[in-house]
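S.K.: I'd like to ask some things about the structure below.
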Amino acid sequence: MISFQNPYFLIGTGAAAIPILIFLLTRDRIKKVAFSTLRFFAGTSATLIKRKRWQEAVLLAMRVGVCVLLALAFARPFLPSPNVTPQGQMRVGRAVAVVVDVSASMTRPGAFDQARQIIKKTVDGLPADAAVTLVAFDRTPRVELPWTRDTAKFDGTLAVLQPGSGGTDIVAAVRKADEALEQIAADDKQILLVSDMQRIGWEGFQGSWKLHAGVTLSIQPVKVDKTVDYAIADADYPQSIVKDGQGHSMTLRIACYAQQAINNVPVTLTLNGKEVETQRVNLPAGGNAIARFTSKFEQIGDNRGVIQVGAGGALGSTLYFNTRVVPKIAVLILSGAAGSSKADAAFFLQTALTPTEESPFVVQTLPAERATATDVAGASVVMLADVDAASPGLKAALRGVLERGGGLLFLPGSHVTAEAFSATFGELAPCGLRRTMAASETRRGDAKAMLTRIDYDNPILEVFQRPHFGDFSAVQFERYWEVTDSQLSKVLARFDDGRPYLLTRSIANGNSILWASPPDLRWNNLPTRAIFLPFLHQITRTLAQHTEPQTRYFVGDILPVPAQSTLSDPAGQLHKDGGFMAGQTGYYAVLDGAGKVMLTYAVNGDMGEMNPAVVDVAEVQAALAPPARTGPDIAAHVAGLAGQAGKEFWLYTVAAVLLLTVSELVVSNRVARH
Amino acid sequence: MPSKYLNLEVLSRIDNLQLLAKTVVEGFIQGLHRSPFHGSSVEFSEHRQYSPGDEIKHIDWKVFAKADRYYVKRYEAETNMVCNILLDASASMNYKSNPEGLSKLEYASYLAACLAYFMIGQRDATGLAIFDDKVRTVLPPRLSQTHMQHILAELEDLKPGAETNIAGPMNALADTQKRRGLMVVISDLLDDVEAIKSALQRFRFQGHNIIVFQVMDNAELTFPFKAMTQFEDLETGGSTLVSPESMRGTYMKELQKFLVAIEKGCADVKADYKLFDTKTPLEVALSEYLFRRSQIG
């Protein structure tokens, strides 16, 4: 018995009356004509008339058929099955979405076997009219097996499932299972979550999501008696640096999960295959210890490193990293001031960036009007000192710097007009300019402007928060720009009258920074203060840092693989260009066409994955419990895509409509109307 | 003479053709059909020696006084044609394709009225016979305006009758028409061609001149029907379902065959034949006929 998803469209079958009416109104009515004689009608063909009548009947039937079938098609017919809903969903008495944790913590001895047993016991106890699906999760949930009644198939899938190196996200997993339950019709919908219930996999949940009505969440925690004593909980190391011959620090936080303190734990740094240093740390019971290494990175390009805590082999005790070293940062200074002056911004910038031959910067200074796109192409950072004009080609090149991840530093001075600057650099600068202000305008006497409200949390200024790293209070400003249109920017420092001094804005892949008062002795005394050089160097490094690709990834992240290159995973397997999800810890090398290593990604498991702290099952169930059911599950009846059976039936109906329409055209073209 | 058959406009048109009509009518009535009989007339023709039995009133006493012999005067008759209009009023003549137009019977009646008017105007004794499968009305040839009124009255009251059976009524009429004259047959001639020919032949044998006006509806000649049609025979009541588009060829072929046979039959009996279309304006048909008749000489 055929049923319909949209039965109201069956009203449309009434449209079948239209061709009948048209036929009745326009058909060849037999006119009765009284004629003088029939003697000349010899040979009248009754067969011909009969054939014409038959053809007209066929045509009418076709037209009626088209109308009826169209209405049927819109009504979406389907053959109902006790196992399929009108929406094409599988219909079962009970649906169980099994959600199993395959994060790194489940690699602990016995953990996953215990999970398998729990699941198998549950599935084996399901009634015959039940269906199951299997969702595996770490940080990312995925459906390993769609809905099935075949428990043998389920067991087979579960048997080959293994925990990996990923983190844990309990809510994402439950959500995935909940979505899967929306695709099935069942009187009883249940989610079975089997996990070690690490708190770290629950902490990010803000309580903004609930299970769908009618879904019950059952949690079977895996109990692991034996756990690791300690693991790396956090790590900080440079991903890319400019070769400067100086040591760079790497910091490691090691968490102790043991009930007793563990002393004299070795922490070893290995860099480029050579063991560099071993430190010994004492781990307090349930506490943390810090290990800090300082090392010089001499090798241009990749510097693969490993920090091993303990004897090695323990879960979560190894950190892989790669610090890329670039030779020098290419800086282009464009000067808008005519001639050279030993008091203007361009002079002080040039001088501060190249104090010695050991400077990490390669600086080129050019008059802005002579600069070309070619000059800009090789620069990681472009500083525009007193510039308010640029050719379209130069502007495009500056935009290109931002798209490459580089930076622009705007230093508007005396030769800049507010209107020209805003018109030229409105899309590239953090803000526009309104007017220049003298410090005396808003202060008494000869008082100079000072900097206040400095955002030391920002990476650019963070270093100056430490003692002896610089003092902004020694800087005095006589003049500065009042800025405008700064809505898209972030203010990192303000003058004491509240007006912005240092503004930054992220554009494309890079950053743009503006100083409202240039390093010019006619504007301020910054060039002669001790903080000027580190301040400028810090800003320049920050602006340039995004030009180097990211090398730090975690298991489950997508590793970018550039075109025409391949990716070699830790096991040596090659993967083509595009993207590849990191599935294990270690080094992933990007190879060029000749097989040469272009870049190395260091992939680690989630820090803290070994943290044995668990979340209370009742807390999770209470937080995710669905709202009380207030009515029928309308969504289950209304929503949902048309199922395969209904879809096919619908397609057959539409095909019949098309076939009939074409046939009607052919027949009607062949039949003489009269 | 108010009559629907003597349409003033028609008559005025015909009167406007006086130059042509004068010649045609004289040829038609007198020139082509000059009577060999002498009769009572005011126009002197010749003298003839008296013989016993001649009426004494015709003796020319002036000639007797001069020649001392009896001679009688002879007069040329002014009216010397007897015309009979034989009008078919069978059921088939009632057909008309255009409800606003004329049926064949109406058209034939107009034609008969006009002819009678002309004939009596030319002082020809004109008679009218109306028939279908038998003779329904006979008005013997006479020459008077009163008689003309009788003819018109008959035509006005004309109703379609039964089936066409031209041969029977014509044979019956032939028996009554002893005096030679002109027989004008107005009909659609939807009868057996041989029977029609036989009847005309009999008129011919009696010395009559014959003119046949075949009246057909335009639809009968062109068969313009398109939709599926059930044709019902006006005379027999029989019917047939026809798809006109597929039937037209056959119909036209059969019609042409029939018309050709009629024309040939008329030619065989030396009868003048003219086919009229009811869509043709009546005056044009008359004018054309008169013109054609004059050419025949």
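Note on naming: chains are A, B, ... as they come in the structure tokens, residues start from 1 per chain, ligands start from 1 in the order shown.
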What residues in chain B lie within 10 Å of chain A, counting only C-alpha atoms, written as number ranges by chain?
M.R.: B: 90-97, 104, 188, 190-191, 216-217, 219-220, 225-258
S.K.: Where does DSSP see strand (DSSP E or B) in region 208-288 of chain B, if you list the residues as a list in words?
M.R.: Asn209, Ile210, Ile211, Val212, Phe213, Gln214, Val215, Met216, Thr229, Gln230, Phe231, Glu232, Asp233, Ser239, Thr240, Leu241, Val242, Asp272, Tyr273, Lys274, Leu275, Phe276 and Asp277 of chain B
S.K.: Please report, as a PyMOL selection string, each residue of region 410-560 of chain A to which DSSP assigns helix (DSSP H, G or I) when run on this structure's backbone.
M.R.: chain A and resi 418-425+439-441+462-465+472-474+526-528+532-545
S.K.: Can you tell me, as a list of chain:residue names, what residues are no more than 7 Å from region 194-207 of chain B when counting only C-alpha atoms, ignoring any on the same chain fewer than 5 positions away?
M.R.: B:Ile166, B:Ala167, B:Met170, B:Asn171, B:Ala174, B:Arg180, B:Gly265, B:Cys266, B:Val269
S.K.: Taking only C-alpha atoms into account, which of A:Lys395, A:Arg370, A:His415, A:Arg280 comes nearest Asp344 (chain A)?
M.R.: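 Smallest distance to Asp344 (chain A) is found for A:His415.
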S.K.: Would you mind listing what lies within 10 Å of Gly393 (chain A) as a VMD selection string, with only C-alpha atoms counted and same-chain residues fewer than 3 positions away left out?
M.R.: chain A and resid 371 to 374 390 396 to 399
S.K.: Write a file of the selected residues as a PDB file, in the first residue's frame, keeping C-alpha atoms.
M.R.:
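Everything below was put into again39.pdb:
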```pdb
ATOM      1  CA  ALA A 371      60.161  52.714  -4.308  1.00  0.00           C
ATOM      2  CA  THR A 372      58.762  50.058  -6.598  1.00  0.00           C
ATOM      3  CA  ALA A 373      56.838  46.866  -6.112  1.00  0.00           C
ATOM      4  CA  THR A 374      60.054  44.954  -6.716  1.00  0.00           C
ATOM      5  CA  ALA A 390      51.971  55.650  -2.874  1.00  0.00           C
ATOM      6  CA  ALA A 396      49.392  46.506  -4.127  1.00  0.00           C
ATOM      7  CA  ALA A 397      52.905  45.431  -3.148  1.00  0.00           C
ATOM      8  CA  LEU A 398      52.328  46.615   0.429  1.00  0.00           C
ATOM      9  CA  ARG A 399      49.102  44.631   0.478  1.00  0.00           C
TER      10      ARG A 399
END
```
S.K.: So, with only C-alpha atoms as the atoms that count, which of A:Ser240, A:Gln206, A:Ser165, A:Thr653 lies closest to Gly608 (chain A)?
M.R.: A:Ser165
S.K.: Out of A:Thr542, A:Ser517, A:Asn288, A:Gln239, which residue has the shortest atom-to-atom distance to Gly305 (chain A) when counting only C-alpha atoms?
M.R.: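 For Gly305 (chain A), the nearest of the given residues is A:Gln239.
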S.K.: For Val96 (chain A), please output as a list in words all residues within 7 Å (counting only C-alpha atoms; exclusion window: fewer than 3 positions along the same chain).
M.R.: Ala131, Val132, Thr133, Lys189, Gln190, Ile191 and Leu192 of chain A
S.K.: Please produce a file of the residues just selected, as a PDB file, in the first residue's frame, where the atoms kept are C-alpha atoms.
M.R.:
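File produced: selection36.pdb:
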```
ATOM      1  CA  ALA A 131      19.943  -0.925  16.041  1.00  0.00           C
ATOM      2  CA  VAL A 132      23.370   0.301  17.011  1.00  0.00           C
ATOM      3  CA  THR A 133      25.902   2.773  15.682  1.00  0.00           C
ATOM      4  CA  LYS A 189      16.920   6.291  21.974  1.00  0.00           C
ATOM      5  CA  GLN A 190      19.994   5.852  24.056  1.00  0.00           C
ATOM      6  CA  ILE A 191      23.589   6.998  24.027  1.00  0.00           C
ATOM      7  CA  LEU A 192      26.107   4.717  25.670  1.00  0.00           C
TER       8      LEU A 192
END
```
S.K.: List the neighbours of Gln114 (chain A) out to 9 Å using only C-alpha atoms; skip same-chain residues closer than 6 positions along the sequence, and give me the result as a list in words.
M.R.: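 Neighbouring residues, sequence-local ones excluded: Val222, Lys223 and Val224 of chain A.
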S.K.: In Å, with one decimal, what is the gap from CA of Phe472 (chain A) to CA of Arg529 (chain A)?
M.R.: 8.7 Å
S.K.: Hey, which bits of region 67-129 of chain A sit within 9 Å of region 657-665 of chain A, and for each residue what's the closest pair of atoms and how far apart in Å (one decimal), counting only C-alpha atoms, rows by chain and increasing number, as a Markdown table?
M.R.:
```
| residue | atom | partner | partner_atom | distance |
| --- | --- | --- | --- | --- |
| A:Cys67 | CA | A:Val657 | CA | 8.2 |
| A:Val68 | CA | A:Val657 | CA | 8.9 |
| A:Leu69 | CA | A:Val657 | CA | 6.0 |
| A:Leu70 | CA | A:Val657 | CA | 6.4 |
| A:Ala73 | CA | A:Val657 | CA | 8.6 |
```
S.K.: Take the residues from that selection and put them in a file with N, CA and C atoms, as a PDB file, in the first residue's frame.
M.R.:
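Ended up saving to part06.pdb:
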```pdb
ATOM      1  N   CYS A  67      -1.049  14.948 -15.401  1.00  0.00           N
ATOM      2  CA  CYS A  67      -1.529  15.730 -14.255  1.00  0.00           C
ATOM      3  C   CYS A  67      -1.549  14.885 -12.987  1.00  0.00           C
ATOM      4  N   VAL A  68      -2.061  13.682 -13.101  1.00  0.00           N
ATOM      5  CA  VAL A  68      -2.161  12.817 -11.912  1.00  0.00           C
ATOM      6  C   VAL A  68      -0.765  12.463 -11.394  1.00  0.00           C
ATOM      7  N   LEU A  69       0.130  12.125 -12.325  1.00  0.00           N
ATOM      8  CA  LEU A  69       1.475  11.726 -11.897  1.00  0.00           C
ATOM      9  C   LEU A  69       2.232  12.897 -11.285  1.00  0.00           C
ATOM     10  N   LEU A  70       2.011  14.097 -11.821  1.00  0.00           N
ATOM     11  CA  LEU A  70       2.668  15.272 -11.238  1.00  0.00           C
ATOM     12  C   LEU A  70       2.219  15.466  -9.786  1.00  0.00           C
ATOM     13  N   ALA A  73       3.795  12.896  -7.763  1.00  0.00           N
ATOM     14  CA  ALA A  73       5.218  13.148  -7.538  1.00  0.00           C
ATOM     15  C   ALA A  73       5.414  14.142  -6.408  1.00  0.00           C
TER      16      ALA A  73
END
```
S.K.: Would you mind listing what lies within 8 Å of region 154-156 of chain A as an MDAnalysis selection string, with only C-alpha atoms counted and same-chain residues fewer than 2 positions away left out?
M.R.: chainID A and resid 120 132:134 145 148 150:152 158:160
S.K.: Would you mind reading off the distance between CA of Glu156 (chain B) and CA of Asn98 (chain B), one decimal, in Å?
M.R.: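 Interatomic distance, CA of Glu156 (chain B) to CA of Asn98 (chain B): 20.6 Å.
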